[in-house]
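The data block below is coords_35.txt; it holds compact mmCIF, C-alpha atoms and all ligand atoms.
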```txt
# COMPACT_ATOMS: atom_id res chain seq x y z
CA MET Q 26 -166.71 118.58 39.82
CA GLN Q 27 -164.96 116.94 42.73
CA THR Q 28 -166.86 116.78 46.00
CA SER Q 29 -165.12 118.61 48.80
CA LEU Q 30 -163.56 116.46 51.49
CA PHE Q 31 -165.60 118.39 54.04
CA ALA Q 32 -168.92 118.37 52.20
CA GLY Q 33 -170.43 115.90 54.64
CA VAL Q 34 -169.19 117.60 57.80
CA GLU Q 35 -172.05 118.37 60.11
CA GLU Q 36 -172.41 121.81 61.71
CA LEU Q 37 -172.53 121.34 65.47
CA PRO Q 38 -174.56 123.51 67.81
CA ARG Q 39 -172.55 126.07 69.72
CA ASP Q 40 -171.22 125.21 73.17
CA PRO Q 41 -174.01 125.71 75.72
CA ILE Q 42 -171.78 127.89 77.92
CA LEU Q 43 -168.88 129.36 75.94
CA GLY Q 44 -171.11 129.64 72.86
CA LEU Q 45 -173.32 132.01 74.83
CA THR Q 46 -170.31 134.26 75.41
CA GLU Q 47 -169.75 134.27 71.63
CA ALA Q 48 -173.36 135.39 71.13
CA PHE Q 49 -173.01 137.94 73.93
CA VAL Q 50 -169.89 139.47 72.39
CA ALA Q 51 -171.74 139.84 69.08
CA ASP Q 52 -174.77 141.46 70.78
CA LYS Q 53 -174.78 145.23 70.33
CA SER Q 54 -177.44 145.99 72.94
CA PRO Q 55 -176.25 148.69 75.37
CA ASN Q 56 -177.94 146.86 78.26
CA ARG Q 57 -176.42 143.46 77.59
CA VAL Q 58 -175.42 141.44 80.64
CA ASN Q 59 -173.60 138.09 80.48
CA LEU Q 60 -174.81 135.80 83.25
CA GLY Q 61 -173.87 132.71 81.24
CA VAL Q 62 -170.27 131.69 81.82
CA GLY Q 63 -168.92 131.20 85.35
CA VAL Q 64 -166.57 134.15 85.59
CA TYR Q 65 -166.31 136.38 88.64
CA GLN Q 66 -166.57 140.11 88.01
CA ASP Q 67 -165.93 142.80 90.57
CA ALA Q 68 -168.29 145.63 91.56
CA SER Q 69 -167.28 147.58 88.44
CA GLY Q 70 -168.03 144.63 86.15
CA LYS Q 71 -164.41 143.67 85.50
CA THR Q 72 -162.68 140.32 85.93
CA PRO Q 73 -160.11 141.19 88.59
CA LEU Q 74 -156.36 140.72 88.47
CA LEU Q 75 -155.83 139.67 92.07
CA ALA Q 76 -153.16 141.69 93.89
CA CYS Q 77 -151.48 138.45 95.07
CA VAL Q 78 -151.22 137.29 91.45
CA LYS Q 79 -149.98 140.69 90.29
CA GLN Q 80 -147.20 140.63 92.88
CA ALA Q 81 -146.23 137.08 91.99
CA GLU Q 82 -146.16 138.01 88.29
CA GLU Q 83 -144.00 141.04 88.98
CA ALA Q 84 -141.54 138.88 90.91
CA LEU Q 85 -141.49 136.39 88.03
CA LEU Q 86 -140.91 139.15 85.49
CA ALA Q 87 -138.05 140.54 87.58
CA LYS Q 88 -136.37 137.13 87.42
CA ALA Q 89 -136.44 137.28 83.60
CA ALA Q 90 -136.17 133.50 83.48
CA PRO Q 91 -136.07 131.87 80.03
CA HIS Q 92 -139.21 130.16 78.77
CA ALA Q 93 -137.93 126.63 79.19
CA TYR Q 94 -140.15 123.57 78.80
CA VAL Q 95 -142.10 122.65 81.90
CA PRO Q 96 -141.87 118.95 82.89
CA ILE Q 97 -144.62 116.75 81.40
CA ASP Q 98 -146.44 116.54 84.73
CA GLY Q 99 -145.97 120.22 85.54
CA LEU Q 100 -143.90 122.35 87.87
CA ALA Q 101 -142.86 120.28 90.88
CA ALA Q 102 -143.37 123.23 93.25
CA PHE Q 103 -146.87 123.77 91.89
CA ASP Q 104 -147.88 120.11 92.12
CA ALA Q 105 -146.58 119.82 95.68
CA ALA Q 106 -148.29 123.03 96.81
CA VAL Q 107 -151.64 122.01 95.29
CA ALA Q 108 -151.60 118.55 96.86
CA ALA Q 109 -150.66 120.01 100.26
CA MET Q 110 -153.43 122.59 100.06
CA VAL Q 111 -156.15 120.23 98.87
CA PHE Q 112 -155.42 117.30 101.19
CA ALA Q 113 -153.64 118.98 104.15
CA ASP Q 114 -152.96 116.04 106.51
CA SER Q 115 -155.96 113.94 105.41
CA ALA Q 116 -153.77 111.82 103.10
CA ASP Q 117 -150.21 110.55 102.92
CA LEU Q 118 -148.93 112.79 100.14
CA ALA Q 119 -146.35 110.17 99.16
CA LYS Q 120 -149.31 108.21 97.81
CA VAL Q 121 -150.80 111.11 95.85
CA SER Q 122 -150.05 111.39 92.17
CA THR Q 123 -150.42 115.03 91.07
CA ILE Q 124 -150.19 116.40 87.56
CA GLN Q 125 -150.57 120.01 86.47
CA SER Q 126 -153.41 120.34 83.99
CA LEU Q 127 -154.96 122.76 81.53
CA GLY Q 128 -157.48 124.11 84.01
CA GLY Q 129 -160.17 122.02 85.67
CA THR Q 130 -161.38 120.69 82.32
CA GLY Q 131 -157.89 119.44 81.55
CA ALA Q 132 -157.78 117.72 84.94
CA LEU Q 133 -161.10 115.99 84.23
CA LYS Q 134 -159.81 114.84 80.85
CA LEU Q 135 -156.59 113.43 82.35
CA GLY Q 136 -158.65 111.71 85.03
CA ALA Q 137 -161.04 110.28 82.44
CA GLU Q 138 -158.13 108.84 80.45
CA MET Q 139 -156.63 107.38 83.65
CA ILE Q 140 -159.93 105.67 84.46
CA ARG Q 141 -159.83 104.16 80.98
CA VAL Q 142 -156.48 102.65 81.92
CA ILE Q 143 -157.74 101.04 85.12
CA SER Q 144 -161.38 100.39 84.33
CA PRO Q 145 -162.14 100.79 80.60
CA ASN Q 146 -165.65 99.36 80.86
CA ALA Q 147 -166.72 101.53 83.77
CA LYS Q 148 -169.70 103.80 83.35
CA VAL Q 149 -169.41 107.34 84.62
CA TRP Q 150 -172.25 108.68 86.76
CA ILE Q 151 -172.85 112.42 86.92
CA SER Q 152 -175.50 114.39 88.77
CA ASP Q 153 -178.75 115.39 87.09
CA PRO Q 154 -178.16 118.20 86.28
CA SER Q 155 -174.41 118.69 86.09
CA TRP Q 156 -171.95 121.03 84.45
CA GLU Q 157 -172.82 120.96 80.73
CA ASN Q 158 -169.32 119.77 79.77
CA HIS Q 159 -169.20 116.73 82.10
CA ARG Q 160 -171.30 114.48 79.91
CA ALA Q 161 -169.61 115.66 76.73
CA LEU Q 162 -166.12 115.23 78.18
CA PHE Q 163 -166.61 111.72 79.56
CA SER Q 164 -168.54 110.61 76.46
CA ALA Q 165 -165.73 111.92 74.26
CA ALA Q 166 -163.31 109.87 76.38
CA GLY Q 167 -165.31 106.77 75.40
CA PHE Q 168 -167.48 106.25 78.49
CA THR Q 169 -171.18 105.63 78.78
CA VAL Q 170 -172.43 108.44 80.99
CA GLU Q 171 -175.37 107.89 83.33
CA THR Q 172 -177.00 110.24 85.79
CA TYR Q 173 -178.05 110.10 89.42
CA PRO Q 174 -180.82 112.38 90.74
CA TYR Q 175 -179.69 115.58 92.41
CA TYR Q 176 -182.23 118.36 91.87
CA GLY Q 177 -185.77 117.69 92.99
CA ALA Q 178 -189.01 118.85 91.40
CA ASP Q 179 -189.38 121.21 94.37
CA GLY Q 180 -186.14 122.99 93.49
CA GLU Q 181 -184.28 121.49 96.44
CA LEU Q 182 -181.69 118.74 96.73
CA ASP Q 183 -183.19 115.31 95.96
CA TYR Q 184 -181.14 113.60 98.63
CA SER Q 185 -183.20 110.42 98.92
CA GLY Q 186 -183.13 110.01 95.13
CA LEU Q 187 -179.39 110.50 95.16
CA ILE Q 188 -178.82 107.91 97.89
CA LYS Q 189 -181.12 105.40 96.25
CA ALA Q 190 -179.35 105.73 92.91
CA LEU Q 191 -175.85 105.61 94.40
CA SER Q 192 -176.75 102.47 96.30
CA ALA Q 193 -177.57 100.72 93.02
CA ILE Q 194 -174.50 101.71 90.96
CA PRO Q 195 -172.46 98.65 90.02
CA ALA Q 196 -169.01 98.19 91.56
CA GLY Q 197 -166.18 99.61 89.49
CA ASP Q 198 -168.18 102.46 87.99
CA ALA Q 199 -167.03 106.03 88.53
CA VAL Q 200 -169.11 108.64 90.33
CA LEU Q 201 -168.46 112.28 89.66
CA LEU Q 202 -169.34 114.49 92.62
CA HIS Q 203 -168.98 118.26 92.99
CA ALA Q 204 -166.74 118.89 96.01
CA CYS Q 205 -168.49 122.19 96.75
CA CYS Q 206 -170.54 124.88 94.99
CA HIS Q 207 -172.45 122.39 92.84
CA ASN Q 208 -172.52 123.55 89.22
CA PRO Q 209 -175.19 124.40 88.12
CA THR Q 210 -177.57 124.19 91.08
CA GLY Q 211 -175.54 125.75 93.90
CA LEU Q 212 -177.05 123.10 96.20
CA ASP Q 213 -174.38 121.55 98.39
CA LEU Q 214 -174.38 118.51 100.65
CA SER Q 215 -174.15 118.73 104.44
CA HIS Q 216 -171.27 117.07 106.27
CA ASP Q 217 -173.54 114.24 107.39
CA GLN Q 218 -174.76 113.72 103.85
CA TRP Q 219 -171.17 113.60 102.59
CA ARG Q 220 -170.35 111.01 105.25
CA GLU Q 221 -173.22 108.81 104.16
CA ILE Q 222 -172.27 109.18 100.49
CA ALA Q 223 -168.62 108.33 101.17
CA LYS Q 224 -169.75 105.23 103.04
CA ILE Q 225 -171.90 104.03 100.13
CA VAL Q 226 -169.20 104.81 97.55
CA ARG Q 227 -166.65 102.80 99.52
CA ALA Q 228 -169.01 99.94 100.40
CA ARG Q 229 -169.94 99.51 96.73
CA GLY Q 230 -166.38 99.85 95.41
CA LEU Q 231 -167.12 102.85 93.19
CA ILE Q 232 -164.43 105.21 91.91
CA PRO Q 233 -165.04 108.66 93.42
CA PHE Q 234 -164.05 111.63 91.27
CA LEU Q 235 -164.44 114.98 93.02
CA ASP Q 236 -164.61 118.00 90.74
CA THR Q 237 -163.20 120.90 92.75
CA ALA Q 238 -163.39 123.97 90.53
CA TYR Q 239 -164.87 126.40 93.05
CA MET Q 240 -162.95 125.72 96.26
CA GLY Q 241 -163.11 128.80 98.47
CA PHE Q 242 -166.38 130.17 97.10
CA ALA Q 243 -168.78 128.51 99.55
CA GLU Q 244 -167.28 129.01 103.00
CA GLY Q 245 -163.53 129.32 102.43
CA LEU Q 246 -160.62 127.15 101.28
CA GLU Q 247 -160.42 125.03 104.43
CA ALA Q 248 -164.14 124.50 104.93
CA ASP Q 249 -164.72 123.75 101.24
CA ALA Q 250 -162.05 121.02 101.31
CA PHE Q 251 -164.21 118.95 103.68
CA SER Q 252 -165.52 116.48 101.11
CA VAL Q 253 -162.14 115.85 99.49
CA ARG Q 254 -160.46 115.31 102.85
CA LEU Q 255 -163.27 113.07 104.04
CA PHE Q 256 -162.79 110.75 101.06
CA ALA Q 257 -159.00 110.96 101.39
CA SER Q 258 -158.98 110.16 105.09
CA ASP Q 259 -159.92 106.50 104.57
CA GLY Q 260 -156.95 106.01 102.26
CA GLY Q 261 -158.62 106.25 98.87
CA PRO Q 262 -158.78 105.58 95.98
CA LEU Q 263 -159.79 109.06 94.93
CA PHE Q 264 -159.62 111.34 91.90
CA VAL Q 265 -159.69 115.10 92.45
CA SER Q 266 -159.74 117.66 89.66
CA PHE Q 267 -158.79 121.13 90.74
CA SER Q 268 -158.91 124.53 89.10
CA PHE Q 269 -157.41 127.94 89.87
CA SER Q 270 -159.39 129.65 87.11
CA LYS Q 271 -161.94 131.09 89.52
CA SER Q 272 -160.19 131.12 92.89
CA LEU Q 273 -157.09 132.92 91.59
CA SER Q 274 -158.95 134.61 88.72
CA LEU Q 275 -156.48 132.99 86.32
CA TYR Q 276 -159.04 132.00 83.68
CA GLY Q 277 -156.92 132.43 80.58
CA GLU Q 278 -153.80 130.85 82.05
CA ARG Q 279 -155.45 127.42 82.32
CA VAL Q 280 -154.03 126.46 85.70
CA GLY Q 281 -155.37 123.29 87.26
CA ALA Q 282 -154.30 119.92 88.59
CA LEU Q 283 -155.41 116.33 88.87
CA CYS Q 284 -154.62 114.52 92.11
CA VAL Q 285 -155.03 110.75 92.35
CA LEU Q 286 -154.82 109.15 95.76
CA THR Q 287 -153.37 105.65 95.44
CA ALA Q 288 -152.65 102.91 97.98
CA SER Q 289 -148.84 103.18 98.11
CA ALA Q 290 -145.82 105.16 96.95
CA GLN Q 291 -145.13 102.43 94.35
CA GLU Q 292 -148.65 102.73 92.96
CA ARG Q 293 -148.30 106.50 92.91
CA SER Q 294 -145.19 106.18 90.79
CA ARG Q 295 -146.92 103.90 88.30
CA VAL Q 296 -150.00 106.11 88.09
CA GLN Q 297 -147.78 109.15 87.61
CA SER Q 298 -146.03 107.43 84.70
CA GLN Q 299 -149.41 106.73 83.07
CA LEU Q 300 -150.60 110.31 83.55
CA LYS Q 301 -147.37 111.59 82.04
CA ARG Q 302 -147.90 109.44 78.98
CA ILE Q 303 -151.48 110.66 78.62
CA ALA Q 304 -150.31 114.28 78.83
CA ARG Q 305 -147.38 113.71 76.49
CA VAL Q 306 -149.49 112.26 73.69
CA THR Q 307 -152.17 114.91 74.15
CA TYR Q 308 -150.33 118.24 74.57
CA SER Q 309 -146.79 117.24 75.56
CA SER Q 310 -146.34 119.46 78.61
CA PRO Q 311 -148.27 122.30 80.26
CA PRO Q 312 -147.64 126.06 80.09
CA GLY Q 313 -145.49 127.58 82.81
CA HIS Q 314 -146.47 131.14 83.57
CA GLY Q 315 -149.78 130.82 85.41
CA ALA Q 316 -148.65 127.77 87.39
CA SER Q 317 -145.46 129.59 88.45
CA ALA Q 318 -147.54 132.51 89.72
CA ALA Q 319 -149.96 130.15 91.50
CA ALA Q 320 -147.10 128.22 93.12
CA MET Q 321 -145.63 131.47 94.40
CA VAL Q 322 -148.96 132.58 95.89
CA LEU Q 323 -149.41 129.20 97.57
CA THR Q 324 -145.93 128.99 99.06
CA ASP Q 325 -145.22 132.60 100.10
CA ALA Q 326 -146.88 133.23 103.46
CA SER Q 327 -147.77 136.86 102.84
CA LEU Q 328 -149.11 136.25 99.32
CA ARG Q 329 -151.07 133.28 100.63
CA LYS Q 330 -152.65 135.46 103.32
CA GLN Q 331 -153.47 138.09 100.73
CA TRP Q 332 -155.09 135.46 98.54
CA ASP Q 333 -157.29 134.30 101.43
CA ASP Q 334 -158.41 137.89 101.93
CA GLU Q 335 -159.08 138.51 98.25
CA LEU Q 336 -160.93 135.22 97.84
CA GLY Q 337 -162.97 136.11 100.92
CA GLY Q 338 -163.81 139.44 99.28
CA MET Q 339 -165.06 137.71 96.13
CA ARG Q 340 -167.08 135.24 98.17
CA GLU Q 341 -168.70 137.93 100.27
CA ARG Q 342 -169.54 140.09 97.25
CA ILE Q 343 -171.28 137.14 95.61
CA LYS Q 344 -173.30 136.50 98.78
CA LYS Q 345 -174.26 140.17 98.86
CA MET Q 346 -175.45 139.98 95.24
CA ARG Q 347 -177.51 136.87 96.04
CA LYS Q 348 -179.29 138.72 98.82
CA LEU Q 349 -179.83 141.81 96.69
CA LEU Q 350 -181.19 139.77 93.77
CA ALA Q 351 -183.56 137.83 96.03
CA ASP Q 352 -184.76 141.09 97.65
CA LYS Q 353 -185.29 142.84 94.33
CA LEU Q 354 -187.16 139.90 92.84
CA THR Q 355 -189.34 139.66 95.96
CA GLU Q 356 -190.18 143.38 95.63
CA ARG Q 357 -191.21 142.84 92.03
CA MET Q 358 -193.02 139.55 92.58
CA PRO Q 359 -194.41 139.64 96.12
CA GLY Q 360 -195.73 136.32 97.34
CA ARG Q 361 -193.15 134.36 95.43
CA ASP Q 362 -190.31 132.80 97.42
CA PHE Q 363 -186.82 133.65 96.20
CA SER Q 364 -184.97 132.60 99.36
CA TYR Q 365 -183.41 129.69 97.47
CA ILE Q 366 -181.10 132.16 95.72
CA VAL Q 367 -179.54 133.05 99.07
CA ARG Q 368 -179.24 129.43 100.19
CA GLN Q 369 -177.30 128.32 97.11
CA ASN Q 370 -173.48 128.29 97.12
CA GLY Q 371 -170.82 129.43 94.73
CA MET Q 372 -170.97 131.49 91.56
CA PHE Q 373 -174.26 130.18 90.26
CA SER Q 374 -177.91 130.33 91.00
CA TYR Q 375 -180.24 127.80 89.48
CA SER Q 376 -182.76 130.56 89.07
CA ARG Q 377 -185.85 128.47 88.27
CA LEU Q 378 -186.15 130.23 84.92
CA THR Q 379 -187.54 127.80 82.36
CA LYS Q 380 -185.84 127.33 79.01
CA PRO Q 381 -188.39 129.51 77.14
CA GLN Q 382 -187.95 132.18 79.84
CA ALA Q 383 -184.15 132.03 79.55
CA ILE Q 384 -184.47 132.40 75.76
CA ALA Q 385 -186.88 135.33 76.14
CA LEU Q 386 -184.51 136.96 78.62
CA ARG Q 387 -181.74 136.78 76.06
CA GLU Q 388 -183.72 137.68 72.97
CA LYS Q 389 -185.86 140.47 74.39
CA TYR Q 390 -183.56 141.96 77.00
CA ALA Q 391 -179.98 140.88 76.13
CA VAL Q 392 -179.59 139.24 79.54
CA TYR Q 393 -177.69 136.00 78.91
CA ALA Q 394 -178.52 133.01 81.13
CA LEU Q 395 -177.99 129.34 80.28
CA ASP Q 396 -180.98 127.55 78.81
CA SER Q 397 -181.09 125.51 82.03
CA GLY Q 398 -181.87 128.71 83.94
CA ARG Q 399 -178.42 128.85 85.52
CA ILE Q 400 -177.26 132.41 86.10
CA CYS Q 401 -173.83 133.57 87.20
CA VAL Q 402 -174.51 135.66 90.30
CA ALA Q 403 -170.82 136.62 90.31
CA ALA Q 404 -171.47 138.79 87.24
CA LEU Q 405 -174.08 140.91 89.01
CA ASN Q 406 -173.24 144.32 90.41
CA GLU Q 407 -175.05 147.33 91.78
CA LYS Q 408 -175.27 148.88 88.32
CA ASN Q 409 -176.84 145.96 86.47
CA ILE Q 410 -178.90 144.30 89.19
CA ASP Q 411 -181.99 146.51 88.82
CA TYR Q 412 -182.15 145.86 85.10
CA VAL Q 413 -181.50 142.13 85.54
CA SER Q 414 -184.11 141.68 88.28
CA GLU Q 415 -186.66 143.70 86.32
CA CYS Q 416 -186.11 141.55 83.21
CA ILE Q 417 -186.17 138.26 85.15
CA ALA Q 418 -189.41 139.30 86.86
CA LYS Q 419 -190.91 140.23 83.47
CA VAL Q 420 -190.12 136.92 81.81
CA MET Q 421 -191.21 134.97 84.89
CA ALA Q 422 -194.52 136.82 84.92
CA GLU Q 423 -195.11 136.31 81.19
CA ALA Q 424 -194.87 132.54 81.14
C1 LIG V 501 -168.85 127.44 83.71
O1 LIG V 501 -169.48 126.46 84.14
O2 LIG V 501 -169.41 128.42 83.24
C2 LIG V 501 -167.35 127.46 83.80
O3 LIG V 501 -166.88 126.29 84.40
C3 LIG V 501 -166.68 127.77 82.53
C4 LIG V 501 -166.72 126.64 81.56
O4 LIG V 501 -165.66 126.26 81.09
O5 LIG V 501 -167.80 126.14 81.24
```

Take the structure in the file and give it back as structure tokens.
Amino acid sequence: MQTSLFAGVEELPRDPILGLTEAFVADKSPNRVNLGVGVYQDASGKTPLLACVKQAEEALLAKAAPHAYVPIDGLAAFDAAVAAMVFADSADLAKVSTIQSLGGTGALKLGAEMIRVISPNAKVWISDPSWENHRALFSAAGFTVETYPYYGADGELDYSGLIKALSAIPAGDAVLLHACCHNPTGLDLSHDQWREIAKIVRARGLIPFLDTAYMGFAEGLEADAFSVRLFASDGGPLFVSFSFSKSLSLYGERVGALCVLTASAQERSRVQSQLKRIARVTYSSPPGHGASAAAMVLTDASLRKQWDDELGGMRERIKKMRKLLADKLTERMPGRDFSYIVRQNGMFSYSRLTKPQAIALREKYAVYALDSGRICVAALNEKNIDYVSECIAKVMAEA
């Protein structure tokens, strides 16, 4: 008998984030709650269709435009609107190369491939811990991935560890930083800390790559752009990956962008040509619908205002859920400090659940958290929060 071509193919473990959603979907428990993936849900437990997006989509539908190919580097109106929003006047936009991407992950991948063009032997440094896919993505792009300290044994930011490590990274290596709403810890840097970090990154000649998937979820679009604009204001170089998945609730449309700040308009043009080649040999050109809707929201003053309001609503609801969760856990476990939940930013709380506790939470109670203990606070609501806090308190008390 002939051996199958695939006989030796190894079965890989499921994805640590999206694989949990697969398990959640298969779970028949009536109480199941998915706190794994970073998806915002409204008070009724649904992923919202934002009114600004709905209006933009209706206007697009009314145009009944044909489904033509989108240029390799994306819709020009979209690219321009994203760069203007992210950088404002902190950078000369004639020096910024922008390419529409398949969500934030697609932007990271394009950026990784671009770094291979300019600095193929660079190592990529990510925070410890970081988004589960960072290491996998940069490793798959051929880089050695190293970590710098970020989360201390006390559950707070390990700032001195971070500074010490950054100060020892060799010139030419790339440093991935989370522009705001650090994923998974929710621990963000102060303005002064960002200033010090930017100084070290520049003094050492490192390549800064700011992952900006949650802009608007900490303090608002403007305030959350601080770190990006700080790095941009000295003229670069700078890589920024951006995503509209969360901020416009456009998850399935895969709408993101990579912006690369170069030193001149000529450099921008050359970098753009490289990014176009990378996109062309990977997926040819991006999809049009979601980016068209996003461009309309960004460029129409009334839709833009509506977006700010709706994003503010999501942000405030998450903050309310943080407070409620901390209060309910404190009621159940008096004497234990849960104030860190309120101090963290963005969709996630690094809950301080251990891996065995996260597994018990899932297996005994159908409450899905990442093995790292990360929970998506944006999936909590007034109907599930009692059950969730009761189950978290139970597993925390058991171990
Ligand atoms: C997350 O961290 O849960 C999100 O960014 C979704 C993803 O793709 O992992």

Check which residues of chain Q sit at most 8 Å from ligand LIG 501 (chain V) using only C-alpha atoms and all ligand atoms, and return one row each with the closest pair of atoms and their distance in Å to one decimal, ordered by chain and rising number, as a Markdown table.
```
| residue | atom | partner | partner_atom | distance |
| --- | --- | --- | --- | --- |
| Q:Ile42 | CA | V:LIG501 | O5 | 5.5 |
| Q:Leu43 | CA | V:LIG501 | O5 | 6.3 |
| Q:Gly61 | CA | V:LIG501 | O2 | 6.5 |
| Q:Val62 | CA | V:LIG501 | O2 | 3.7 |
| Q:Gly63 | CA | V:LIG501 | O2 | 3.5 |
| Q:Val64 | CA | V:LIG501 | O2 | 6.8 |
| Q:Thr130 | CA | V:LIG501 | O4 | 7.1 |
| Q:Trp156 | CA | V:LIG501 | O1 | 6.0 |
| Q:Glu157 | CA | V:LIG501 | O5 | 7.2 |
| Q:Asn158 | CA | V:LIG501 | O5 | 6.7 |
| Q:Asn208 | CA | V:LIG501 | O1 | 6.6 |
| Q:Pro209 | CA | V:LIG501 | O1 | 7.3 |
| Q:Ala238 | CA | V:LIG501 | O3 | 7.4 |
| Q:Cys401 | CA | V:LIG501 | O2 | 7.9 |
```

- Message: List the spatial neighbours of Q:Ala304 as a VMD selection string - criterion: any atom at most 8 Å away, only C-alpha atoms, same-chain residues fewer than 6 positions off excluded.
- Response: chain Q and resid 97 to 98 135 310

- For Q:Asp117, which of Q:Pro381, Q:Pro91, Q:Gly260, Q:Pro233 is the closest residue, counting all atoms listed in the file?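 Counting all atoms listed in the file, the residue closest to Q:Asp117 is Q:Gly260.
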
- Which residue out of Q:Ala90, Q:Ala199, Q:Ala326, Q:Leu75 has the minimum interatomic distance to Q:Ile140 when only C-alpha atoms are used? Q:Ala199

- Message: What's around stretch 143-153 of chain Q at 6 Å? Count all atoms listed in the file, leave out sequence neighbours fewer than 5 positions away in its own chain, and write the answer as a VMD selection string.
- Response: chain Q and resid 168 to 175 198 to 201

C-alpha atoms of the current selection, written as a PDB file, keeping the file's coordinate frame:
```pdb
ATOM      1  CA  PHE Q 168    -167.480 106.250  78.490  1.00  0.00           C
ATOM      2  CA  THR Q 169    -171.180 105.630  78.780  1.00  0.00           C
ATOM      3  CA  VAL Q 170    -172.430 108.440  80.990  1.00  0.00           C
ATOM      4  CA  GLU Q 171    -175.370 107.890  83.330  1.00  0.00           C
ATOM      5  CA  THR Q 172    -177.000 110.240  85.790  1.00  0.00           C
ATOM      6  CA  TYR Q 173    -178.050 110.100  89.420  1.00  0.00           C
ATOM      7  CA  PRO Q 174    -180.820 112.380  90.740  1.00  0.00           C
ATOM      8  CA  TYR Q 175    -179.690 115.580  92.410  1.00  0.00           C
ATOM      9  CA  ASP Q 198    -168.180 102.460  87.990  1.00  0.00           C
ATOM     10  CA  ALA Q 199    -167.030 106.030  88.530  1.00  0.00           C
ATOM     11  CA  VAL Q 200    -169.110 108.640  90.330  1.00  0.00           C
ATOM     12  CA  LEU Q 201    -168.460 112.280  89.660  1.00  0.00           C
TER      13      LEU Q 201
END
```

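Using all atoms listed in the file, the nearest neighbour of Q:Arg347 within the list Q:Leu202, Q:Leu127, Q:Leu263, Q:Ile366 is Q:Ile366.
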
- Task: Rank Q:Phe256, Q:Phe242, Q:Tyr176, Q:Tyr276 by their smallest atom-to-atom distance to Q:Ile222, using all atoms listed in the file, and report the top residue only.
- Result: Q:Phe256

- Coordinates-based distance that separates atom CA of Q:Val78 from atom CA of Q:Tyr94 (Å, one decimal): 21.7 Å

- Would you kindly return, as a PyMOL selection string, each protein, DNA or RNA residue with an atom no farther than 12 Å from any atom of Q:Arg305, considering only C-alpha atoms and excluding same-chain residues fewer than 4 positions away? chain Q and resi 95-99+124+126+135+298-301+309-311

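Between Q:Asp67 and the candidates Q:Gly338, Q:Gly44, Q:Gly230, Q:Pro359, the tightest atom-to-atom separation, counting only C-alpha atoms, involves Q:Gly338.
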
- For the atom pair atom CA of Q:Glu47 and atom CA of Q:Asn59, what is the interatomic distance in Å to one decimal place? 10.4 Å

- Give me the residues within 10 Å of Q:Val111 as a PyMOL selection string, counting only C-alpha atoms and dropping any in the same chain fewer than 4 places off. chain Q and resi 106-107+115-116+237+240+246-247+249-251+253-254+265+267+284

Residue completion, stretch 73-81 of chain Q, N, CA, C and O atoms, as a short mmCIF file (atom, residue, chain, number, x, y, z; two decimals), in the frame of the given file:
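Saved to selection18.cif:
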```
data_model
loop_
_atom_site.label_atom_id
_atom_site.label_comp_id
_atom_site.auth_asym_id
_atom_site.auth_seq_id
_atom_site.Cartn_x
_atom_site.Cartn_y
_atom_site.Cartn_z
N PRO Q 73 -161.25 140.58 87.91
CA PRO Q 73 -160.11 141.19 88.59
C PRO Q 73 -158.78 140.49 88.32
O PRO Q 73 -158.75 139.27 88.09
N LEU Q 74 -157.71 141.29 88.36
CA LEU Q 74 -156.36 140.72 88.47
C LEU Q 74 -156.07 140.79 89.97
O LEU Q 74 -155.95 141.89 90.52
N LEU Q 75 -156.02 139.64 90.63
CA LEU Q 75 -155.83 139.67 92.07
C LEU Q 75 -154.46 140.27 92.41
O LEU Q 75 -153.48 140.04 91.70
N ALA Q 76 -154.42 141.04 93.50
CA ALA Q 76 -153.16 141.69 93.89
C ALA Q 76 -152.08 140.65 94.19
O ALA Q 76 -150.91 140.85 93.88
N CYS Q 77 -152.49 139.50 94.77
CA CYS Q 77 -151.48 138.45 95.07
C CYS Q 77 -150.89 137.91 93.77
O CYS Q 77 -149.68 137.66 93.69
N VAL Q 78 -151.72 137.78 92.75
CA VAL Q 78 -151.22 137.29 91.45
C VAL Q 78 -150.33 138.35 90.81
O VAL Q 78 -149.26 138.03 90.27
N LYS Q 79 -150.76 139.60 90.90
CA LYS Q 79 -149.98 140.69 90.29
C LYS Q 79 -148.57 140.72 90.90
O LYS Q 79 -147.58 140.82 90.18
N GLN Q 80 -148.51 140.60 92.21
CA GLN Q 80 -147.20 140.63 92.88
C GLN Q 80 -146.35 139.44 92.47
O GLN Q 80 -145.15 139.58 92.22
N ALA Q 81 -146.97 138.28 92.40
CA ALA Q 81 -146.23 137.08 91.99
C ALA Q 81 -145.72 137.26 90.56
O ALA Q 81 -144.57 136.94 90.24
#
```
